[in-house]
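What follows is a set of notes on a single structure, which appears directly below.
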Amino acid sequence: MSRALRFAPLAILLVLISGLVWRLATPADTTIGSKLDGKPIPAFNLPAALPTKPTLNSADLATGQPRLVNIFASWCVPCIAEVKVLQQLKARGVHIDGIAVRDRPDDVANFLAERGNPYERIGSDTQSQVQISLGSSGVPESFVVDGKGIIRYQHIGPITDDEVPMILAKLELAK
Amino acid sequence: MRALLVALMLLVAMPALADSNLPPAYWSDRQLPDPRQEAQAQTLMNELRCLVCQGQSIADSDAELAGDMRDLVRRRIAAGEKPASIRAWLIQRYGTWISYKPTAEPAAWPLWLAPLTLLLVGAFLIRRRIGLGKRS
């Protein structure tokens, strides 16, 4: 065995260790984006989440105007902070619709009574079926849907204050 | 005494899980009445990745979304849909990532070629070691 070859196991070990250290220091991104970006929104019909608000069907999302579809839940903690930002967007003239995931009418009503209601329509997705059909993997998530019902942008996680201009730009692009 | 009380209360306290108040979907933890269909559903559920606990299959995961996906799989199989078409429907939404079954895409070619390559390397090493082909 040649001298250089004798150090091969050590070299392999070092490569392995540096690989492990690198991945520990910079963990892989585990967010799963929807592959429906740029495709038409799948057809769905949902029952109303609230007796006082119209429900959301896929046909309501092709009205000639870009809309923001927000997937939320009363039991979702980041959604509490997001509602305020959605109110800001609504004040800027954005049409926002909601899909309440795994929620009860009473809970949705309480949630919105406490924090204000930015939604024009809210559908109730009690078994996450529409959420799955949209390729969404959690709450909150938002989709920018253009006037023809094509998904133009998916936002994973809550929309924060400093992301408002970016969301407005995406909606402008979808016009 | 107070410390003990607090400790006892903490013991029975419910952790603030990010879970809904709704019960699991009907078919999430219930077998289909037809054993052949249930077997099909099981096979497929073992090959679909959970979106929440990403190292687990939806058959193994306790996440609510996994339960709802099991419900979706069983419902569709009970309605007569082929497992392959359910898998394709999910891949359309989440990408090949959602399926544990290796694909034939170029990204997976090294995976398929690795055993062959290792076998060839092994054969080469053995040949050198035992000196076959060297007829002195």
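Residue names in the structure tokens use chain letters A, B, ... in the order shown, residue numbers from 1 in each chain, and ligand numbers from 1 in the order shown.
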Polymer residues at most 10 Å from stretch 64-70 of chain A, only C-alpha atoms, same-chain spacing of 4 or more positions, as an MDAnalysis selection string: chainID A and resid 56 60 79 82:83 86 89:90 94:100 119 121:122 139:155 158:159 167:168 170:175
Residue subset to file, keeping C-alpha atoms, as a PDB file, in the first residue's frame:
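For reference, part22.pdb as written:
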```
ATOM      1  CA  LEU A  56     -65.309  31.150  -0.407  1.00  0.00           C
ATOM      2  CA  ASP A  60     -64.964  33.697  -6.336  1.00  0.00           C
ATOM      3  CA  CYS A  79     -52.115  34.268  12.796  1.00  0.00           C
ATOM      4  CA  GLU A  82     -50.852  38.546  11.035  1.00  0.00           C
ATOM      5  CA  VAL A  83     -54.454  39.797  11.291  1.00  0.00           C
ATOM      6  CA  LEU A  86     -53.960  42.023   6.901  1.00  0.00           C
ATOM      7  CA  LEU A  89     -53.448  45.574   3.499  1.00  0.00           C
ATOM      8  CA  LYS A  90     -57.225  45.868   3.503  1.00  0.00           C
ATOM      9  CA  VAL A  94     -56.467  44.738  -1.081  1.00  0.00           C
ATOM     10  CA  HIS A  95     -59.277  42.182  -1.415  1.00  0.00           C
ATOM     11  CA  ILE A  96     -58.620  39.464   1.151  1.00  0.00           C
ATOM     12  CA  ASP A  97     -60.414  36.144   1.453  1.00  0.00           C
ATOM     13  CA  GLY A  98     -59.887  33.609   4.192  1.00  0.00           C
ATOM     14  CA  ILE A  99     -59.795  29.837   4.492  1.00  0.00           C
ATOM     15  CA  ALA A 100     -60.216  28.791   8.127  1.00  0.00           C
ATOM     16  CA  TYR A 119     -61.799  39.077   5.162  1.00  0.00           C
ATOM     17  CA  ARG A 121     -65.269  35.871   2.313  1.00  0.00           C
ATOM     18  CA  ILE A 122     -64.332  33.003   4.614  1.00  0.00           C
ATOM     19  CA  VAL A 139     -50.961  27.955   8.749  1.00  0.00           C
ATOM     20  CA  PRO A 140     -50.642  30.791   8.109  1.00  0.00           C
ATOM     21  CA  GLU A 141     -50.019  30.870   4.389  1.00  0.00           C
ATOM     22  CA  SER A 142     -51.192  33.299   1.734  1.00  0.00           C
ATOM     23  CA  PHE A 143     -51.701  33.030  -2.001  1.00  0.00           C
ATOM     24  CA  VAL A 144     -51.831  35.925  -4.453  1.00  0.00           C
ATOM     25  CA  VAL A 145     -54.418  34.948  -7.073  1.00  0.00           C
ATOM     26  CA  ASP A 146     -54.807  37.063 -10.212  1.00  0.00           C
ATOM     27  CA  GLY A 147     -58.052  38.118 -11.886  1.00  0.00           C
ATOM     28  CA  LYS A 148     -58.169  34.913 -13.946  1.00  0.00           C
ATOM     29  CA  GLY A 149     -57.786  32.658 -10.926  1.00  0.00           C
ATOM     30  CA  ILE A 150     -54.099  31.849 -11.511  1.00  0.00           C
ATOM     31  CA  ILE A 151     -51.877  31.515  -8.425  1.00  0.00           C
ATOM     32  CA  ARG A 152     -49.131  34.139  -8.783  1.00  0.00           C
ATOM     33  CA  TYR A 153     -47.361  33.933  -5.463  1.00  0.00           C
ATOM     34  CA  GLN A 154     -47.356  31.797  -2.338  1.00  0.00           C
ATOM     35  CA  HIS A 155     -46.279  33.268   0.977  1.00  0.00           C
ATOM     36  CA  PRO A 158     -47.228  35.116   8.565  1.00  0.00           C
ATOM     37  CA  ILE A 159     -47.006  38.312   6.516  1.00  0.00           C
ATOM     38  CA  ILE A 167     -47.126  41.805  -1.018  1.00  0.00           C
ATOM     39  CA  LEU A 168     -48.553  44.987  -2.579  1.00  0.00           C
ATOM     40  CA  LYS A 170     -46.959  41.040  -5.981  1.00  0.00           C
ATOM     41  CA  LEU A 171     -50.626  42.058  -6.165  1.00  0.00           C
ATOM     42  CA  GLU A 172     -49.715  44.882  -8.574  1.00  0.00           C
ATOM     43  CA  LEU A 173     -47.830  42.365 -10.751  1.00  0.00           C
ATOM     44  CA  ALA A 174     -50.880  40.103 -10.773  1.00  0.00           C
ATOM     45  CA  LYS A 175     -53.103  42.850 -12.260  1.00  0.00           C
TER      46      LYS A 175
END
```
Residues of chain A in strand (DSSP E), written as a ChimeraX atom specification: /A:67-72,95-101,121-125,141-145,151-156
So which residues of chain B fall under helix (DSSP H, G or I) by DSSP, listed as a ChimeraX atom specification? /B:2-12,35-46,64-78,83-94,96-98,106-129
Please identify every residue of chain B that has at least one atom no farther than 12 Å from an atom of chain A, counting only C-alpha atoms, and for each give the shortest atom pair and the distance in Å to one decimal, arranged by chain then increasing number, as a tab-separated table.
```
residue	atom	partner	partner_atom	distance
B:Ala16	CA	A:Val77	CA	10.0
B:Leu17	CA	A:Trp75	CA	9.2
B:Ala18	CA	A:Cys76	CA	6.3
B:Asp19	CA	A:Trp75	CA	6.8
B:Ser20	CA	A:Trp75	CA	5.7
B:Asn21	CA	A:Asp103	CA	7.2
B:Leu22	CA	A:Arg102	CA	6.2
B:Pro23	CA	A:Arg102	CA	9.0
B:Pro24	CA	A:Gln127	CA	8.2
B:Ala25	CA	A:Gln127	CA	6.2
B:Tyr26	CA	A:Gln127	CA	9.3
B:Trp27	CA	A:Gln127	CA	10.7
B:Ser28	CA	A:Gln127	CA	10.1
B:Arg49	CA	A:Ile32	CA	11.5
B:Cys50	CA	A:Ser137	CA	9.4
B:Leu51	CA	A:Ser137	CA	5.9
B:Val52	CA	A:Ser137	CA	7.3
B:Cys53	CA	A:Thr30	CA	10.2
B:Gln54	CA	A:Thr30	CA	8.1
B:Gly55	CA	A:Thr30	CA	10.7
B:Ala63	CA	A:Gly138	CA	11.0
B:Glu64	CA	A:Ser128	CA	9.1
B:Leu65	CA	A:Ser128	CA	7.0
B:Ala66	CA	A:Ser128	CA	9.9
B:Gly67	CA	A:Gln127	CA	8.9
B:Asp68	CA	A:Gln127	CA	5.8
B:Met69	CA	A:Ile132	CA	7.9
B:Arg70	CA	A:Gln127	CA	10.7
B:Asp71	CA	A:Gln127	CA	8.5
B:Leu72	CA	A:Gln129	CA	7.3
B:Val73	CA	A:Gln129	CA	10.9
B:Arg75	CA	A:Gln129	CA	11.3
B:Arg76	CA	A:Gln129	CA	11.9
B:Ile86	CA	A:Ser133	CA	11.4
B:Trp89	CA	A:Ser133	CA	8.6
B:Leu90	CA	A:Gly135	CA	7.9
B:Ile91	CA	A:Lys35	CA	8.3
B:Gln92	CA	A:Lys35	CA	6.4
B:Arg93	CA	A:Gly135	CA	4.5
B:Tyr94	CA	A:Ser34	CA	5.5
B:Gly95	CA	A:Lys35	CA	6.2
B:Thr96	CA	A:Lys35	CA	10.0
B:Trp97	CA	A:Ile32	CA	8.6
B:Ile98	CA	A:Ile32	CA	9.3
B:Arg129	CA	A:Met1	CA	11.9
```
File of the preceding selection, N, CA and C atoms, as a compact mmCIF listing (two decimals), in the first residue's frame:
```txt
# COMPACT_ATOMS: atom_id res chain seq x y z
N ALA B 16 -49.02 23.87 25.26
CA ALA B 16 -49.69 24.70 24.25
C ALA B 16 -49.28 24.23 22.86
N LEU B 17 -49.94 23.19 22.40
CA LEU B 17 -49.60 22.65 21.09
C LEU B 17 -50.28 23.47 20.00
N ALA B 18 -49.64 23.53 18.85
CA ALA B 18 -50.26 24.22 17.72
C ALA B 18 -51.22 23.25 17.04
N ASP B 19 -52.24 22.87 17.77
CA ASP B 19 -53.21 21.93 17.22
C ASP B 19 -54.61 22.52 17.33
N SER B 20 -55.50 22.08 16.47
CA SER B 20 -56.85 22.63 16.48
C SER B 20 -57.68 21.95 17.55
N ASN B 21 -58.90 22.44 17.71
CA ASN B 21 -59.81 21.85 18.70
C ASN B 21 -60.73 20.81 18.07
N LEU B 22 -60.58 20.58 16.79
CA LEU B 22 -61.47 19.63 16.13
C LEU B 22 -60.95 18.21 16.29
N PRO B 23 -61.86 17.22 16.34
CA PRO B 23 -61.42 15.83 16.41
C PRO B 23 -60.74 15.41 15.11
N PRO B 24 -59.96 14.31 15.13
CA PRO B 24 -59.31 13.85 13.90
C PRO B 24 -60.35 13.52 12.82
N ALA B 25 -59.94 13.61 11.56
CA ALA B 25 -60.84 13.28 10.46
C ALA B 25 -61.27 11.82 10.57
N TYR B 26 -62.45 11.50 10.02
CA TYR B 26 -63.07 10.19 10.24
C TYR B 26 -62.15 9.02 9.88
N TRP B 27 -61.55 9.06 8.69
CA TRP B 27 -60.75 7.93 8.24
C TRP B 27 -59.28 8.03 8.64
N SER B 28 -58.92 9.01 9.48
CA SER B 28 -57.50 9.19 9.76
C SER B 28 -56.94 8.01 10.57
N ARG B 49 -44.69 11.30 2.47
CA ARG B 49 -43.99 12.00 3.54
C ARG B 49 -44.92 12.98 4.25
N CYS B 50 -44.78 13.03 5.56
CA CYS B 50 -45.57 13.99 6.33
C CYS B 50 -45.00 15.39 6.13
N LEU B 51 -45.88 16.38 5.95
CA LEU B 51 -45.43 17.75 5.70
C LEU B 51 -44.97 18.44 6.98
N VAL B 52 -45.40 17.91 8.11
CA VAL B 52 -45.07 18.54 9.38
C VAL B 52 -43.83 17.90 10.00
N CYS B 53 -43.89 16.56 10.18
CA CYS B 53 -42.72 15.83 10.72
C CYS B 53 -42.02 15.22 9.52
N GLN B 54 -41.07 15.96 8.95
CA GLN B 54 -40.65 15.64 7.59
C GLN B 54 -39.84 14.36 7.47
N GLY B 55 -39.44 13.74 8.57
CA GLY B 55 -38.72 12.48 8.45
C GLY B 55 -39.66 11.28 8.52
N ALA B 63 -49.12 14.11 13.47
CA ALA B 63 -49.53 15.48 13.15
C ALA B 63 -50.95 15.47 12.59
N GLU B 64 -51.67 16.55 12.86
CA GLU B 64 -53.06 16.64 12.38
C GLU B 64 -53.13 16.61 10.86
N LEU B 65 -52.18 17.30 10.23
CA LEU B 65 -52.21 17.35 8.77
C LEU B 65 -51.98 15.95 8.19
N ALA B 66 -51.14 15.15 8.86
CA ALA B 66 -50.92 13.78 8.42
C ALA B 66 -52.21 12.97 8.54
N GLY B 67 -52.95 13.19 9.65
CA GLY B 67 -54.24 12.52 9.83
C GLY B 67 -55.20 12.89 8.71
N ASP B 68 -55.22 14.18 8.35
CA ASP B 68 -56.11 14.62 7.28
C ASP B 68 -55.67 14.04 5.93
N MET B 69 -54.37 13.82 5.77
CA MET B 69 -53.89 13.21 4.52
C MET B 69 -54.24 11.72 4.47
N ARG B 70 -54.20 11.05 5.63
CA ARG B 70 -54.61 9.64 5.66
C ARG B 70 -56.09 9.54 5.32
N ASP B 71 -56.87 10.48 5.85
CA ASP B 71 -58.30 10.52 5.54
C ASP B 71 -58.50 10.69 4.04
N LEU B 72 -57.71 11.59 3.45
CA LEU B 72 -57.81 11.84 2.00
C LEU B 72 -57.46 10.58 1.20
N VAL B 73 -56.38 9.90 1.61
CA VAL B 73 -55.94 8.69 0.89
C VAL B 73 -57.01 7.60 0.99
N ARG B 75 -60.25 7.84 1.74
CA ARG B 75 -61.47 8.24 1.06
C ARG B 75 -61.36 7.99 -0.45
N ARG B 76 -60.22 8.38 -1.02
CA ARG B 76 -60.06 8.27 -2.47
C ARG B 76 -59.94 6.81 -2.90
N ILE B 86 -53.41 8.94 -6.92
CA ILE B 86 -53.41 9.77 -5.70
C ILE B 86 -52.01 10.33 -5.48
N TRP B 89 -51.38 13.06 -7.91
CA TRP B 89 -52.11 14.27 -7.51
C TRP B 89 -51.34 15.04 -6.45
N LEU B 90 -50.77 14.32 -5.49
CA LEU B 90 -50.01 14.98 -4.42
C LEU B 90 -48.68 15.53 -4.94
N ILE B 91 -48.03 14.80 -5.85
CA ILE B 91 -46.76 15.26 -6.41
C ILE B 91 -46.97 16.56 -7.19
N GLN B 92 -48.13 16.64 -7.88
CA GLN B 92 -48.48 17.87 -8.60
C GLN B 92 -48.50 19.07 -7.66
N ARG B 93 -48.87 18.86 -6.41
CA ARG B 93 -49.00 19.94 -5.45
C ARG B 93 -47.73 20.20 -4.65
N TYR B 94 -47.06 19.13 -4.23
CA TYR B 94 -45.93 19.30 -3.32
C TYR B 94 -44.60 18.91 -3.94
N GLY B 95 -44.60 18.42 -5.17
CA GLY B 95 -43.36 17.98 -5.78
C GLY B 95 -43.02 16.55 -5.42
N THR B 96 -41.98 15.99 -6.05
CA THR B 96 -41.61 14.60 -5.81
C THR B 96 -41.18 14.38 -4.36
N TRP B 97 -40.89 15.47 -3.69
CA TRP B 97 -40.49 15.45 -2.29
C TRP B 97 -41.49 14.67 -1.42
N ILE B 98 -42.76 14.77 -1.76
CA ILE B 98 -43.83 14.19 -0.93
C ILE B 98 -43.80 12.66 -0.95
N ARG B 129 -6.69 -8.37 -5.94
CA ARG B 129 -6.24 -9.02 -4.71
C ARG B 129 -5.83 -10.48 -4.95
```
Long-range neighbours of A:Asn57 as a ChimeraX atom specification, 8 Å cut-off, only C-alpha atoms, 5 positions minimum in chain: /A:43-46,123
Could you save those same residues with C-alpha atoms as a CSV table (one decimal), in the first residue's frame?
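Produced file part_27.csv, reproduced below:
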```csv
chain,number,residue,atom,x,y,z
A,43,ALA,CA,-61.7,24.0,-8.0
A,44,PHE,CA,-63.2,23.8,-4.5
A,45,ASN,CA,-66.4,24.5,-2.7
A,46,LEU,CA,-66.3,25.3,1.0
A,123,GLY,CA,-64.6,29.3,3.8
```
Work out how far apart atom CA of A:Val130 and atom CA of B:Pro83 are and give it in Å to one decimal.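 It comes out at 19.6 Å.
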Please compute the atom CA of A:Met166-atom CA of A:Gly93 distance, one decimal, in Å.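 Result for atom CA of A:Met166 versus atom CA of A:Gly93: 14.8 Å, one decimal.
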Just the number, please: distance in Å from atom CA of B:Glu81 to atom CA of B:Glu38, one decimal. 12.7 Å
Surrounding residues of B:Glu47 excluding itself and chain neighbours under 4 positions, 7 Å, only C-alpha atoms, as an mmCIF file with N, CA and C atoms, in the first residue's frame:
```
data_model
loop_
_atom_site.group_PDB
_atom_site.id
_atom_site.type_symbol
_atom_site.label_atom_id
_atom_site.label_comp_id
_atom_site.auth_asym_id
_atom_site.auth_seq_id
_atom_site.Cartn_x
_atom_site.Cartn_y
_atom_site.Cartn_z
ATOM 1 N N THR B 43 -50.050 0.747 2.071
ATOM 2 C CA THR B 43 -48.833 0.804 1.262
ATOM 3 C C THR B 43 -48.561 2.232 0.828
ATOM 4 N N SER B 57 -43.387 9.101 7.635
ATOM 5 C CA SER B 57 -44.445 8.923 6.649
ATOM 6 C C SER B 57 -45.751 9.346 7.300
ATOM 7 N N SER B 99 -43.198 12.088 -1.995
ATOM 8 C CA SER B 99 -43.217 10.632 -2.149
ATOM 9 C C SER B 99 -41.866 10.043 -1.756
ATOM 10 N N TYR B 100 -41.918 8.978 -0.964
ATOM 11 C CA TYR B 100 -40.677 8.293 -0.574
ATOM 12 C C TYR B 100 -40.178 7.356 -1.663
ATOM 13 N N LYS B 101 -41.039 7.054 -2.625
ATOM 14 C CA LYS B 101 -40.657 6.119 -3.667
ATOM 15 C C LYS B 101 -39.679 6.817 -4.624
#
```
One residue among B:Arg87, B:Arg127, B:Arg2, B:Arg30 is nearest to B:Leu48 when using only C-alpha atoms, and that residue is B:Arg87
